[in-house]
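Structure file start_26.txt with compact mmCIF, C-alpha atoms:
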# COMPACT_ATOMS: atom_id res chain seq x y z
CA MET A 1 108.58 160.28 93.78
CA SER A 2 111.01 160.76 90.88
CA ASP A 3 112.44 164.05 89.64
CA PHE A 4 113.47 165.18 86.16
CA LEU A 5 117.16 164.37 86.72
CA THR A 6 116.39 160.67 87.13
CA LEU A 7 114.60 160.78 83.75
CA GLY A 8 117.80 161.97 82.07
CA ILE A 9 117.21 165.73 82.00
CA ARG A 10 120.45 167.73 82.32
CA PRO A 11 121.08 169.58 85.64
CA GLU A 12 120.97 173.08 84.08
CA LEU A 13 117.60 172.35 82.43
CA ASN A 14 116.35 170.80 85.66
CA GLN A 15 117.25 174.01 87.51
CA ILE A 16 115.18 176.04 85.02
CA LEU A 17 112.26 173.67 85.65
CA ILE A 18 112.58 174.19 89.42
CA ASN A 19 112.66 177.98 88.90
CA ASN A 20 109.40 177.65 86.96
CA GLY A 21 107.73 175.59 89.68
CA TYR A 22 108.13 172.14 88.10
CA PHE A 23 109.54 169.77 90.71
CA HIS A 24 108.16 166.32 89.89
CA PRO A 25 107.21 164.82 86.52
CA THR A 26 103.62 163.82 85.77
CA PRO A 27 102.98 160.20 84.61
CA ILE A 28 103.12 161.14 80.90
CA GLN A 29 106.46 162.94 81.45
CA GLU A 30 107.82 160.05 83.50
CA GLN A 31 106.97 157.51 80.81
CA SER A 32 107.85 159.47 77.66
CA ILE A 33 110.98 161.49 78.47
CA PRO A 34 113.42 158.54 78.84
CA ILE A 35 112.10 156.97 75.59
CA LEU A 36 112.27 160.28 73.71
CA LEU A 37 115.83 160.90 74.88
CA LYS A 38 116.72 157.52 73.29
CA GLU A 39 115.43 159.03 70.01
CA LYS A 40 112.62 156.49 69.58
CA ASP A 41 109.23 157.18 68.02
CA VAL A 42 106.33 157.49 70.47
CA ILE A 43 102.54 157.40 70.24
CA ALA A 44 101.08 158.83 73.43
CA GLN A 45 97.40 158.79 74.21
CA ALA A 46 96.87 161.49 76.82
CA GLN A 47 94.20 164.05 77.60
CA THR A 48 94.85 167.76 77.95
CA GLY A 49 95.83 168.51 81.53
CA THR A 50 98.33 165.65 81.87
CA GLY A 51 101.45 167.75 81.27
CA LYS A 52 102.09 166.38 77.78
CA THR A 53 103.60 169.62 76.42
CA LEU A 54 106.54 169.41 78.81
CA ALA A 55 106.89 165.69 77.98
CA PHE A 56 107.93 166.48 74.41
CA ILE A 57 109.54 169.93 74.67
CA LEU A 58 112.12 168.94 77.32
CA PRO A 59 113.83 166.23 75.21
CA MET A 60 113.68 168.55 72.17
CA ILE A 61 115.38 171.44 73.98
CA GLN A 62 117.96 169.08 75.45
CA ARG A 63 118.81 167.62 72.04
CA VAL A 64 119.13 170.87 70.06
CA ASP A 65 122.62 171.41 68.66
CA THR A 66 123.09 175.18 68.80
CA GLU A 67 126.15 174.96 66.55
CA LYS A 68 123.80 174.12 63.68
CA THR A 69 121.69 176.95 62.28
CA ARG A 70 118.98 174.78 60.64
CA ILE A 71 115.54 173.88 62.03
CA GLN A 72 115.98 170.70 64.11
CA GLY A 73 112.63 170.43 65.88
CA LEU A 74 109.13 170.95 64.47
CA ILE A 75 105.89 170.91 66.49
CA ILE A 76 102.64 170.90 64.52
CA ALA A 77 99.58 172.08 66.45
CA PRO A 78 95.96 172.25 65.21
CA THR A 79 95.13 175.78 66.41
CA ARG A 80 96.75 179.15 66.79
CA GLU A 81 95.87 179.11 70.54
CA LEU A 82 97.67 175.81 71.08
CA ALA A 83 100.68 176.97 69.04
CA ILE A 84 100.90 180.11 71.21
CA GLN A 85 100.54 178.08 74.40
CA ILE A 86 103.31 175.63 73.40
CA THR A 87 105.56 178.54 72.34
CA THR A 88 105.05 180.19 75.74
CA GLU A 89 106.04 176.94 77.49
CA VAL A 90 109.11 176.51 75.26
CA LYS A 91 110.24 180.11 75.73
CA LYS A 92 109.96 179.86 79.52
CA LEU A 93 112.64 177.18 79.33
CA THR A 94 114.74 178.37 76.38
CA ASP A 95 114.99 181.99 77.57
CA HIS A 96 117.59 180.66 80.01
CA VAL A 97 119.24 178.20 77.60
CA ASP A 98 121.96 179.86 75.55
CA GLU A 99 121.30 180.25 71.86
CA VAL A 100 118.24 177.97 71.44
CA ASN A 101 116.09 180.00 69.03
CA VAL A 102 112.35 179.40 68.79
CA LEU A 103 109.79 180.62 66.26
CA SER A 104 106.03 180.18 66.10
CA VAL A 105 104.28 180.37 62.73
CA TYR A 106 100.51 180.59 62.49
CA GLY A 107 97.82 182.47 60.59
CA GLY A 108 96.97 186.01 61.61
CA GLN A 109 100.64 186.88 62.13
CA ASP A 110 102.73 189.07 59.83
CA VAL A 111 104.12 186.67 57.19
CA GLU A 112 106.98 189.02 56.28
CA ALA A 113 108.18 189.11 59.90
CA GLN A 114 108.13 185.30 59.95
CA ILE A 115 110.06 185.11 56.68
CA HIS A 116 112.66 187.53 58.06
CA LYS A 117 113.06 185.43 61.24
CA LEU A 118 113.30 182.19 59.20
CA LYS A 119 116.37 183.61 57.46
CA THR A 120 118.17 183.65 60.83
CA ALA A 121 119.24 180.63 62.90
CA VAL A 122 116.00 179.02 64.13
CA HIS A 123 116.24 175.68 65.95
CA LEU A 124 112.64 174.95 66.96
CA VAL A 125 109.49 175.84 65.03
CA ILE A 126 105.94 175.58 66.41
CA GLY A 127 103.29 176.02 63.75
CA THR A 128 99.82 175.31 62.42
CA PRO A 129 99.50 173.13 59.27
CA GLY A 130 98.14 175.88 56.99
CA ARG A 131 100.82 178.44 57.73
CA LEU A 132 103.63 175.86 57.57
CA LEU A 133 102.37 174.79 54.13
CA ASP A 134 102.21 178.44 53.06
CA HIS A 135 105.92 178.87 53.95
CA MET A 136 106.77 175.62 52.14
CA ARG A 137 105.06 176.88 48.96
CA ARG A 138 106.91 180.19 49.19
CA GLY A 139 110.20 178.33 49.73
CA THR A 140 110.77 180.30 52.96
CA ILE A 141 111.06 177.33 55.32
CA ASP A 142 113.55 174.48 55.10
CA LEU A 143 112.53 171.31 56.94
CA SER A 144 115.20 169.08 55.41
CA GLN A 145 117.25 168.92 58.64
CA VAL A 146 114.37 168.27 61.07
CA SER A 147 115.36 165.43 63.40
CA MET A 148 112.39 165.71 65.83
CA LEU A 149 108.78 166.06 64.71
CA VAL A 150 105.80 166.36 67.07
CA LEU A 151 102.15 166.06 66.04
CA ASP A 152 100.22 167.49 68.98
CA GLU A 153 96.47 166.84 69.42
CA ALA A 154 96.45 164.76 66.23
CA ASP A 155 92.75 163.85 66.63
CA GLN A 156 91.92 167.58 66.69
CA MET A 157 93.78 168.01 63.37
CA LEU A 158 91.69 165.18 61.95
CA HIS A 159 88.40 166.77 63.12
CA MET A 160 89.44 170.12 61.65
CA GLY A 161 90.22 168.53 58.28
CA PHE A 162 93.97 169.22 58.37
CA LEU A 163 95.26 165.71 57.77
CA THR A 164 96.23 166.30 54.10
CA GLU A 165 98.20 169.44 55.05
CA VAL A 166 99.84 167.60 57.95
CA GLU A 167 100.95 164.80 55.63
CA ALA A 168 102.41 167.32 53.16
CA VAL A 169 104.45 168.89 55.99
CA ILE A 170 105.62 165.47 57.25
CA GLN A 171 106.77 164.57 53.74
CA ALA A 172 109.05 167.64 53.69
CA THR A 173 111.00 166.28 56.68
CA PRO A 174 113.72 163.57 56.54
CA ILE A 175 112.55 159.95 56.61
CA ASN A 176 114.89 159.07 59.49
CA ARG A 177 113.54 161.75 61.85
CA GLN A 178 112.10 160.94 65.30
CA THR A 179 108.30 161.29 65.30
CA LEU A 180 106.09 161.83 68.34
CA LEU A 181 102.32 161.70 68.08
CA PHE A 182 100.12 162.96 70.93
CA SER A 183 96.38 162.45 70.79
CA ALA A 184 93.52 162.23 73.30
CA THR A 185 91.73 159.63 71.16
CA MET A 186 92.99 157.19 68.51
CA PRO A 187 90.58 157.12 65.55
CA ALA A 188 91.41 154.77 62.64
CA GLN A 189 92.82 157.60 60.47
CA ILE A 190 95.26 158.65 63.20
CA GLN A 191 96.37 155.04 63.60
CA SER A 192 96.97 154.75 59.86
CA LEU A 193 98.89 158.09 59.90
CA ALA A 194 101.12 156.60 62.62
CA LEU A 195 101.56 153.41 60.60
CA ASN A 196 102.62 155.33 57.49
CA TYR A 197 105.04 157.77 59.08
CA MET A 198 106.43 156.18 62.24
CA GLN A 199 109.03 153.50 62.81
CA ASP A 200 108.24 150.89 65.44
CA PRO A 201 106.71 153.46 67.85
CA GLU A 202 106.46 152.85 71.59
CA LYS A 203 102.89 153.26 72.83
CA ILE A 204 102.05 155.14 76.01
CA GLN A 205 98.55 155.50 77.40
CA ILE A 206 97.74 157.77 80.32
CA LYS A 207 94.41 157.64 82.10
CA THR A 208 93.43 161.09 83.29
CA PRO A 209 92.34 161.11 86.90
CA GLN A 210 89.08 163.03 87.25
CA ILE A 211 89.33 162.99 91.04
CA THR A 212 90.59 166.57 91.36
CA LEU A 213 87.59 167.85 89.45
CA LYS A 214 85.15 165.73 91.47
CA GLU A 215 86.34 167.33 94.69
CA ILE A 216 85.75 170.83 93.32
CA ARG A 217 82.45 172.64 92.91
CA GLN A 218 82.63 174.66 89.71
CA ARG A 219 80.55 177.72 88.89
CA VAL A 220 80.44 180.32 86.13
CA VAL A 221 79.43 183.93 86.83
CA GLU A 222 78.43 185.97 83.80
CA THR A 223 79.88 189.45 83.67
CA THR A 224 81.12 192.17 81.31
CA ASP A 225 84.62 193.65 81.10
CA ARG A 226 83.31 196.88 82.61
CA THR A 227 81.68 195.27 85.66
CA LYS A 228 84.22 192.49 86.19
CA GLN A 229 86.14 194.12 89.03
CA SER A 230 83.10 195.09 91.09
CA ILE A 231 81.54 191.62 90.55
CA LEU A 232 84.76 189.99 91.78
CA CYS A 233 84.60 192.12 94.94
CA SER A 234 80.94 191.12 95.47
CA ILE A 235 81.94 187.45 95.10
CA ILE A 236 84.78 187.85 97.62
CA ASP A 237 82.37 189.56 100.05
CA GLN A 238 79.75 186.84 99.56
CA TYR A 239 82.04 183.79 99.87
CA ARG A 240 84.55 185.22 102.37
CA PRO A 241 87.34 182.82 101.34
CA TYR A 242 89.84 181.65 103.91
CA LEU A 243 92.55 181.51 101.21
CA ALA A 244 91.85 182.23 97.54
CA ILE A 245 93.94 182.38 94.36
CA ILE A 246 92.71 184.84 91.72
CA PHE A 247 94.03 184.11 88.23
CA CYS A 248 94.66 186.77 85.57
CA ARG A 249 95.99 186.29 82.05
CA THR A 250 98.99 188.64 82.17
CA LYS A 251 101.47 190.05 84.70
CA ARG A 252 100.15 193.54 83.99
CA ARG A 253 96.57 192.54 84.76
CA VAL A 254 97.74 190.81 87.96
CA SER A 255 99.47 193.99 89.17
CA LYS A 256 96.54 196.21 88.21
CA LEU A 257 93.95 194.02 89.94
CA ASN A 258 96.08 193.56 93.07
CA GLU A 259 96.57 197.33 93.33
CA ALA A 260 92.79 197.86 93.02
CA LEU A 261 92.03 195.18 95.66
CA GLN A 262 94.58 196.60 98.10
CA GLY A 263 93.12 200.07 97.49
CA LEU A 264 89.70 198.69 98.51
CA GLY A 265 91.14 197.29 101.74
CA TYR A 266 91.44 193.60 100.82
CA ASP A 267 94.37 191.52 102.16
CA SER A 268 95.90 190.67 98.79
CA ASP A 269 99.27 190.39 97.10
CA GLU A 270 100.57 189.43 93.66
CA LEU A 271 102.62 186.56 92.24
CA HIS A 272 104.12 186.66 88.73
CA GLY A 273 107.34 186.07 86.82
CA ASP A 274 108.70 189.62 87.16
CA LEU A 275 109.13 189.34 90.94
CA SER A 276 112.53 188.54 92.41
CA GLN A 277 112.93 185.10 93.98
CA ALA A 278 113.10 186.70 97.45
CA LYS A 279 109.85 188.63 96.87
CA ARG A 280 108.09 185.53 95.54
CA GLU A 281 109.16 183.51 98.56
CA ASP A 282 108.00 186.27 100.92
CA VAL A 283 104.57 186.47 99.23
CA MET A 284 104.19 182.67 99.35
CA LYS A 285 105.21 182.53 103.03
CA ARG A 286 102.63 185.18 103.98
CA PHE A 287 99.95 183.41 101.91
CA ARG A 288 100.70 180.02 103.49
CA GLU A 289 100.55 181.57 106.95
CA GLY A 290 97.23 183.25 106.17
CA GLN A 291 98.59 186.80 106.53
CA ILE A 292 97.11 187.50 103.09
CA GLN A 293 93.79 185.98 102.04
CA LEU A 294 93.92 186.69 98.33
CA LEU A 295 96.77 185.80 96.00
CA VAL A 296 96.49 187.37 92.52
CA ALA A 297 98.61 185.28 90.14
CA THR A 298 99.45 184.30 86.58
CA ASP A 299 99.35 180.64 85.44
CA VAL A 300 103.13 180.45 85.23
CA ALA A 301 103.66 181.73 88.77
CA ALA A 302 101.14 179.27 90.20
CA ARG A 303 102.62 176.18 88.50
CA GLY A 304 103.72 173.69 91.11
CA LEU A 305 102.13 175.82 93.83
CA ASP A 306 100.88 173.59 96.58
CA VAL A 307 99.28 175.40 99.50
CA GLU A 308 97.19 173.62 102.10
CA GLY A 309 93.81 175.19 102.78
CA VAL A 310 93.12 177.06 99.52
CA THR A 311 89.33 177.22 99.73
CA HIS A 312 88.58 179.14 96.52
CA VAL A 313 89.98 179.69 93.04
CA PHE A 314 88.62 182.67 91.10
CA ASN A 315 89.32 182.83 87.36
CA TYR A 316 89.21 186.61 86.86
CA ASP A 317 90.27 185.94 83.25
CA ILE A 318 89.05 182.68 81.74
CA PRO A 319 91.93 180.38 80.72
CA HIS A 320 92.30 179.87 76.96
CA ASP A 321 92.84 176.11 77.13
CA VAL A 322 91.54 173.16 79.13
CA GLU A 323 94.94 172.24 80.56
CA SER A 324 95.35 175.64 82.25
CA TYR A 325 91.79 175.45 83.60
CA ILE A 326 92.45 172.06 85.19
CA HIS A 327 95.78 173.25 86.62
CA ARG A 328 94.19 176.37 88.07
CA ILE A 329 91.17 174.84 89.74
CA GLY A 330 93.27 171.91 90.98
CA ARG A 331 94.85 174.36 93.45
CA THR A 332 91.73 174.04 95.63
CA GLY A 333 89.83 171.07 97.05
CA ARG A 334 92.95 169.26 98.25
CA ALA A 335 93.18 166.68 101.03
CA GLY A 336 89.56 165.61 100.84
CA GLU A 337 88.18 169.14 101.34
CA LYS A 338 85.57 170.47 98.90
CA GLY A 339 86.95 173.44 96.99
CA LEU A 340 85.07 176.04 94.96
CA ALA A 341 86.21 177.37 91.57
CA LEU A 342 84.41 180.41 90.12
CA THR A 343 85.08 181.62 86.59
CA LEU A 344 84.04 185.09 85.42
CA VAL A 345 82.82 184.91 81.84
CA SER A 346 82.07 187.88 79.59
CA PRO A 347 80.22 187.49 76.25
CA LYS A 348 83.50 187.30 74.28
CA ASP A 349 84.63 184.35 76.43
CA LYS A 350 81.78 182.03 75.37
CA ASN A 351 83.95 179.94 72.98
CA TYR A 352 86.56 179.33 75.66
CA LEU A 353 83.87 178.26 78.12
CA GLU A 354 82.42 175.77 75.60
CA MET A 355 85.91 174.38 74.94
CA ILE A 356 86.57 173.93 78.69
CA GLU A 357 83.18 172.26 79.27
CA LYS A 358 83.86 169.88 76.39
CA GLY A 359 87.35 169.14 77.71
CA ILE A 360 86.22 168.33 81.27
CA GLN A 361 82.99 166.70 80.02
CA LEU A 362 80.86 168.78 82.34
CA LYS A 363 78.36 171.59 81.92
CA ILE A 364 79.40 174.17 84.52
CA GLU A 365 76.56 175.63 86.56
CA LYS A 366 75.91 179.32 85.84
CA ARG A 367 75.25 181.77 88.66
CA LYS A 368 73.87 185.28 88.57
CA PRO A 369 76.40 187.85 89.84
CA PRO A 370 75.76 188.71 93.51
CA THR A 371 74.57 192.21 94.28
CA ARG A 372 77.25 194.37 95.86
CA ARG A 373 76.92 195.00 99.59
CA HIS A 374 78.08 198.46 100.54
Can the structure from this file be put into structure tokens for me?
Amino acid sequence: MSDFLTLGIRPELNQILINNGYFHPTPIQEQSIPILLKEKDVIAQAQTGTGKTLAFILPMIQRVDTEKTRIQGLIIAPTRELAIQITTEVKKLTDHVDEVNVLSVYGGQDVEAQIHKLKTAVHLVIGTPGRLLDHMRRGTIDLSQVSMLVLDEADQMLHMGFLTEVEAVIQATPINRQTLLFSATMPAQIQSLALNYMQDPEKIQIKTPQITLKEIRQRVVETTDRTKQSILCSIIDQYRPYLAIIFCRTKRRVSKLNEALQGLGYDSDELHGDLSQAKREDVMKRFREGQIQLLVATDVAARGLDVEGVTHVFNYDIPHDVESYIHRIGRTGRAGEKGLALTLVSPKDKNYLEMIEKGIQLKIEKRKPPTRRH
């Protein structure tokens, strides 16, 4: 099994990956990173959940010249959610890389704050087509030095009617830039977009294995924010997991929930980015040895987490993208065992649930919340 160093990633960046729980590249990363480091254009057909974000952000971070103050890398994403998700991934890596400055620009944010930030040295920009165009019209963004351009989820941009805006943004970048196009499907219009704006691109196609999902029984339990905690406890009491990971959206929510569970007498502990390495290792050791049954964690902390015998995954907070959902539930049902993934869904989460069901091409069975045994 290869590692990131053999793909050409620098040792210091590789160490940051290890610290974030990334040890081995996924097939899309293995195939694209060496090509991207050679500065070639790439068309990659890959589903969400294949690790494509890391495939393009690693070469970009590695190639940024911090001596230059202009924007060198631009990632165009169809939705605000995806832009935020990519930015989070980038910042996890660049927070430890000296002087690589990142900015996300999307609707719903304070434009003035963005304009102020754009006046400083920004190296990588992640944005949605509409807001990027808005900055171009105002003359507040300069894309004339962009050497790396990524179109992420290009088919989604097509479905949402953004192709004209995307083309206008592309035309503001230099003709000799490197262009990377990632798309789950390749409709004719996306192919013609590639033809018009890419130079002799290498094509990569990744088949997404559905096996992990097949080995996992998935259920949705409807709840409200007010009753969520007590319903989770009822579920734990009903299913009596041998080892379970409970996912929350933020570090704060992880700590709060873990404190509540411990207060109710459950064998739980927390795992998130604010813990020292020694504390993280101690928590993981106790979880692996079955001294704690419940591990309350954030997505970031659980990346690369491979524990034998995880029988249940509980999504206390629904993930906001398909990739995170697949990563989370893939922590159970390993080694031929059937795992169970339960997601708590409140009325405001309905859109996320529909997006996940569409992404995994499965209608998840709904269950009534169990009644609490006292």
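For the pair CA of Ala55 in chain A and CA of Ser2 in chain A, the interatomic distance is 14.4 Å.
Shortest separation to Pro369 in chain A among A:Ala260, A:Val220, A:Thr311, A:Val283 occurs at residue A:Val220, atoms counted being only C-alpha atoms.
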List every protein, DNA or RNA residue that has at least one atom no more than 12 Å from (97.9, 155.8, 62.3) in the file's coordinates, counting all atoms listed in the file, and write the result as a PyMOL selection string.
chain A and resi 42-44+151+154-155+158+163+167+180-183+185-201+203
If we count only C-alpha atoms and set the cut-off at 8 Å, which residues sit around range 3-5 of chain A, ignoring sequence neighbours fewer than 2 positions away in its own chain? Please answer as a ChimeraX atom specification.
/A:1,7-11,14,23-25
Just to confirm, what's the straight-line distance from CA of Gly339 in chain A to CA of Gln262 in chain A in Å (one decimal)?
24.4 Å
Selection near Pro59 in chain A, 10 Å with only C-alpha atoms, sequence-local residues under 2 positions removed, as a PDB file with C-alpha atoms, in the coordinates of the input:
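Final file, out_23.pdb:
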ATOM      1  CA  GLY A   8     117.800 161.970  82.070  1.00  0.00           C
ATOM      2  CA  ILE A   9     117.210 165.730  82.000  1.00  0.00           C
ATOM      3  CA  ARG A  10     120.450 167.730  82.320  1.00  0.00           C
ATOM      4  CA  SER A  32     107.850 159.470  77.660  1.00  0.00           C
ATOM      5  CA  ILE A  33     110.980 161.490  78.470  1.00  0.00           C
ATOM      6  CA  PRO A  34     113.420 158.540  78.840  1.00  0.00           C
ATOM      7  CA  ILE A  35     112.100 156.970  75.590  1.00  0.00           C
ATOM      8  CA  LEU A  36     112.270 160.280  73.710  1.00  0.00           C
ATOM      9  CA  LEU A  37     115.830 160.900  74.880  1.00  0.00           C
ATOM     10  CA  LYS A  38     116.720 157.520  73.290  1.00  0.00           C
ATOM     11  CA  GLU A  39     115.430 159.030  70.010  1.00  0.00           C
ATOM     12  CA  LEU A  54     106.540 169.410  78.810  1.00  0.00           C
ATOM     13  CA  ALA A  55     106.890 165.690  77.980  1.00  0.00           C
ATOM     14  CA  PHE A  56     107.930 166.480  74.410  1.00  0.00           C
ATOM     15  CA  ILE A  57     109.540 169.930  74.670  1.00  0.00           C
ATOM     16  CA  ILE A  61     115.380 171.440  73.980  1.00  0.00           C
ATOM     17  CA  GLN A  62     117.960 169.080  75.450  1.00  0.00           C
ATOM     18  CA  ARG A  63     118.810 167.620  72.040  1.00  0.00           C
ATOM     19  CA  VAL A  64     119.130 170.870  70.060  1.00  0.00           C
ATOM     20  CA  MET A 148     112.390 165.710  65.830  1.00  0.00           C
TER      21      MET A 148
END
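Checking A:Thr371, A:Asn101, A:Ser276, A:Thr343 one by one against Leu124 in chain A, counting only C-alpha atoms, you find the shortest gap at A:Asn101.
Shown here are all protein and nucleic acid residues lying within 9 Å of (107.2, 166.0, 65.2), with all atoms listed in the file considered: Gly73, Leu74, Ile75, Ile76, Val146, Ser147, Met148, Leu149, Val150, Leu151, Asp152, Ile170, Arg177, Gln178, Thr179, Leu180 and Leu181 of chain A.
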With distances taken over only C-alpha atoms, which residue among A:His116, A:His135, A:His123, A:Arg253 lies nearest Asp317 in chain A?
A:Arg253
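Residues in contact range of Thr50 in chain A, defined as at most 12 Å between only C-alpha atoms, with sequence neighbours fewer than 3 positions away removed, read Pro25, Thr26, Pro27, Ile28, Gln29, Glu30, Gln31, Ala44, Gln45, Ala46, Gln47, Thr53, Leu54, Ala55, Phe182, Ser183, Ala184, Gln205, Ile206, Lys207, Thr208, Pro209, Gln210, Val322, Glu323, Ser324, Tyr325, Ile326 and His327 of chain A.
Between CA of Thr227 in chain A and CA of Lys350 in chain A there is a distance of 16.8 Å.
All residues of protein, DNA or RNA that reach within 7 Å of range 82-97 of chain A, judged by all atoms listed in the file and not counting those fewer than 6 positions away in the chain, are Ile16, Thr53, Ile57, Ser104, Ile126, Gly127 and Thr128 of chain A.
In terms of minimum interatomic distance to Tyr106 in chain A, A:Thr79 ranks closest within A:Thr164, A:Thr79, A:Gln145, A:Ser346, counting all atoms listed in the file.
Of the listed residues (A:Ile245, A:Ile231, A:Ile175, A:Ile115), A:Ile245 comes nearest to Val310 in chain A; the distances count only C-alpha atoms.
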